[in-house]
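Here is the structure we will look at, set down as structure tokens.
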Amino acid sequence: TTYTRVEYISVYISFLMVFLATLLNPINLFHKMDRFGYLCRNSMIIAFLCTTGFMTTRCLQTRHLPLGNLYESLMFLSWGFSLLYLISDVRYRNRLSRAVLAPSAMLTHAFATSSLPQQMQYPTLLVPASQSHWLMTHVSATSISYITPLCGSLLAIVLLSLFYSDAGSSFVANLENKIKERISISPMNPCNNIWERIDVQNYSYLLIFNSQKCQLINCLDKWAYQMISLGFSLSTIGILSGAVWANEARGSYWSWDPKETWALVTRLIYAIYLHAKINGKQLGEGPALAASIGFFLVWICFLGVNLLGVGLHSYGWLAQ
């Protein structure tokens with residue numbers, strides 16, 4: 001049909017574009033080239049538009065929000081990563097965050113199109129319990145609450161790698177020892193002024209490097225906090241709307257379904273992160289470690305529980 005052809009073309013063009021951006025972003029990360037940056041930006045714009053076209057076509061075909069199965073949810077996740085990529089490119093001009101978001105969109109897209117069985121990629125009708133006005137509120141808020149914390153957690157993982165990289169600190173120690181040795185050798189030696197100028201020049205380079213590193217850490221930390229805060233708020237809306245929907249469908253607000261339980265655990269981890277950031281007593285590695293743990297919990301909640309075929313929110317692919 002026409003819908004199927006449009007979906008097929010949109011999906012594979014978007015995959016090629018995010019794949020191209022994933023290949024070019026690491027090059028642009030270490031060697032800033034305007035041509036590569038321009039090509040990456042245009043590739044992600046095309047991928048975003050094609051994924052939007054896929055979702056619009058699927059919505060027209062099924063007459064409901066295109067989040068009815070795992071394939072559609074993963075494509076929505078890839079669409080969200082592409083959107084965040086474009087936002088970071090316009091607002092922050094941060095090449096490192098773009099280098100994280102492009103592979104995330106590509107891997108999610110590849111898993112949806114290449115790993116899932118073919119029957120899971122077809123549009124499906126909603127079961128009677130899902131034919132409710134709460135579908136758009138609960139599913140859309142929950143899906144976005146997966147995208148934004150995943151982005152924030154990925155940036156927190158990058159922050160951890162920057163915190164634990166001791167190359168700069170060892171270089172500082174070596175340079176300080178070198179300066180002390182040069183000054184203590186012969187304070188009245190005229191050649192000592194030459195060594196001082198060389199050491200001061202190296203030290204100025206080091207200060208510039210550390211200043212750029214601090215700016216990068218502050219930018220990543222700020223954006224990670226904003227993403228996780230937004231995801232935490234949306235997860236609150238998703239849990240509350242899901243509880244009301246569950247009461248209408250099953251007569252119970254909370255049934256300790258595995259999906260509900262893992263969503264609660266994930267929410268508690270991110271609550272610890274936000275408390276540490278707002279409280280301000282623990283800075284640096286502590287909150288970043290909590291956010292990094294949240295990355296794995298989100299994937300357990302989003303994929304692990306669903307694919308194992310347990311509970312009321314499962315797809316049961318691995319169980320089959």
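Ligands are numbered from 1 in the order shown, chains are lettered A, B, ... in the order of the structure tokens, and residues start at 1 in each chain.
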Shell around Glu7 in chain A at 12 Å using only C-alpha atoms, local window under 4 positions removed, as an NGL selection string
:A and (1-3 or 11-14 or 50-61 or 72 or 75 or 113 or 121-123)
For the residues in the current selection, export C-alpha atoms as a PDB file, in the first residue's frame.
```pdb
ATOM      1  CA  THR A   1       0.000   0.000   0.000  1.00  0.00           C
ATOM      2  CA  THR A   2       0.946   3.658  -0.213  1.00  0.00           C
ATOM      3  CA  TYR A   3       1.335   3.932   3.544  1.00  0.00           C
ATOM      4  CA  VAL A  11      12.636   4.619   7.818  1.00  0.00           C
ATOM      5  CA  TYR A  12      15.597   3.683   5.653  1.00  0.00           C
ATOM      6  CA  ILE A  13      16.475   7.215   4.594  1.00  0.00           C
ATOM      7  CA  SER A  14      16.460   8.286   8.245  1.00  0.00           C
ATOM      8  CA  CYS A  50      11.896  11.355   7.760  1.00  0.00           C
ATOM      9  CA  THR A  51      11.188   9.869  11.192  1.00  0.00           C
ATOM     10  CA  THR A  52       8.500  12.493  11.697  1.00  0.00           C
ATOM     11  CA  GLY A  53       7.031  11.456   8.340  1.00  0.00           C
ATOM     12  CA  PHE A  54       7.042   7.821   9.428  1.00  0.00           C
ATOM     13  CA  MET A  55       5.233   8.620  12.676  1.00  0.00           C
ATOM     14  CA  THR A  56       2.704  10.824  10.891  1.00  0.00           C
ATOM     15  CA  THR A  57       2.022   8.100   8.315  1.00  0.00           C
ATOM     16  CA  ARG A  58       1.629   5.460  11.006  1.00  0.00           C
ATOM     17  CA  CYS A  59      -0.716   7.768  12.929  1.00  0.00           C
ATOM     18  CA  LEU A  60      -2.900   8.294   9.838  1.00  0.00           C
ATOM     19  CA  GLN A  61      -2.902   4.579   9.189  1.00  0.00           C
ATOM     20  CA  GLU A  72       6.810   2.284  17.198  1.00  0.00           C
ATOM     21  CA  MET A  75      11.223   4.719  16.491  1.00  0.00           C
ATOM     22  CA  THR A 113      14.479  -2.111  12.078  1.00  0.00           C
ATOM     23  CA  GLN A 121       6.917  -3.955  12.874  1.00  0.00           C
ATOM     24  CA  TYR A 122       3.409  -4.014  11.432  1.00  0.00           C
ATOM     25  CA  PRO A 123       0.784  -1.592  12.754  1.00  0.00           C
TER      26      PRO A 123
END
```
Please measure the separation of CA of Trp262 in chain A and CA of Ile144 in chain A, giving the value in Å to one decimal.
16.6 Å
Give me the residues near Ile217 in chain A as a list in words, where near means some atom within 8 Å (using only C-alpha atoms) and where sequence neighbours in that chain fewer than 3 positions away do not count.
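What passes the distance filter is Leu159, Leu162, Lys213, Cys214, Leu220 and Asp221 of chain A.
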Suppose we keep C-alpha atoms; can you now write the selection as a CSV table (one decimal), in the first residue's frame?
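This is the output file out_4.csv:
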```
chain,number,residue,atom,x,y,z
A,159,LEU,CA,31.2,13.5,33.0
A,162,LEU,CA,36.2,13.4,32.6
A,213,LYS,CA,37.8,21.3,30.4
A,214,CYS,CA,35.9,23.0,33.2
A,220,LEU,CA,27.5,18.9,30.2
A,221,ASP,CA,26.5,19.0,33.9
```
Skip Leu150 in chain A itself and residues of its chain fewer than 6 positions away, then list as a list in words all residues within 9 Å of it, counting only C-alpha atoms.
Met227, Ile228, Gly231, Gly294, Phe295, Phe296, Val298 and Trp299 of chain A
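Distance check against Thr108 in chain A using only C-alpha atoms: of A:Ile87, A:Ile147, A:Leu135, A:Val244, the minimum falls on A:Ile147.
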Between CA of Phe19 in chain A and CA of Leu154 in chain A, what distance in Å does the model show, to one decimal?
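Between these atoms lies a distance of 18.7 Å.
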Mind giving me the straight-line distance from CA of Ser229 in chain A to CA of Ala271 in chain A in Å, one decimal?
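Computed distance, CA of Ser229 in chain A to CA of Ala271 in chain A, equals 9.2 Å.
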Just want the 12 Å neighbourhood of Met44 in chain A, counted on only C-alpha atoms, with same-chain residues fewer than 2 positions away dropped. Output as an MDAnalysis selection string.
chainID A and resid 13:22 24:25 37:42 46:52 78:89 98:99 101:103 105:106
Mind checking which residues fall within 10 Å of Phe232 in chain A, counting only C-alpha atoms, ignoring those fewer than 5 positions away in the same chain, and posting them as a PyMOL selection string?
chain A and resi 142+145-146+148-149+226-227+237-238+266-268+270-271+274
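The closest residue to Lys222 in chain A, picked from A:Ser97, A:Thr261, A:Thr4, A:Ser235 and counting only C-alpha atoms, is A:Ser97.
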Near Leu240 in chain A, counting only C-alpha atoms, which residues have an atom at most 9 Å away, once you skip same-chain residues fewer than 5 positions from it, shown as a ChimeraX atom specification?
/A:138,235,245,253
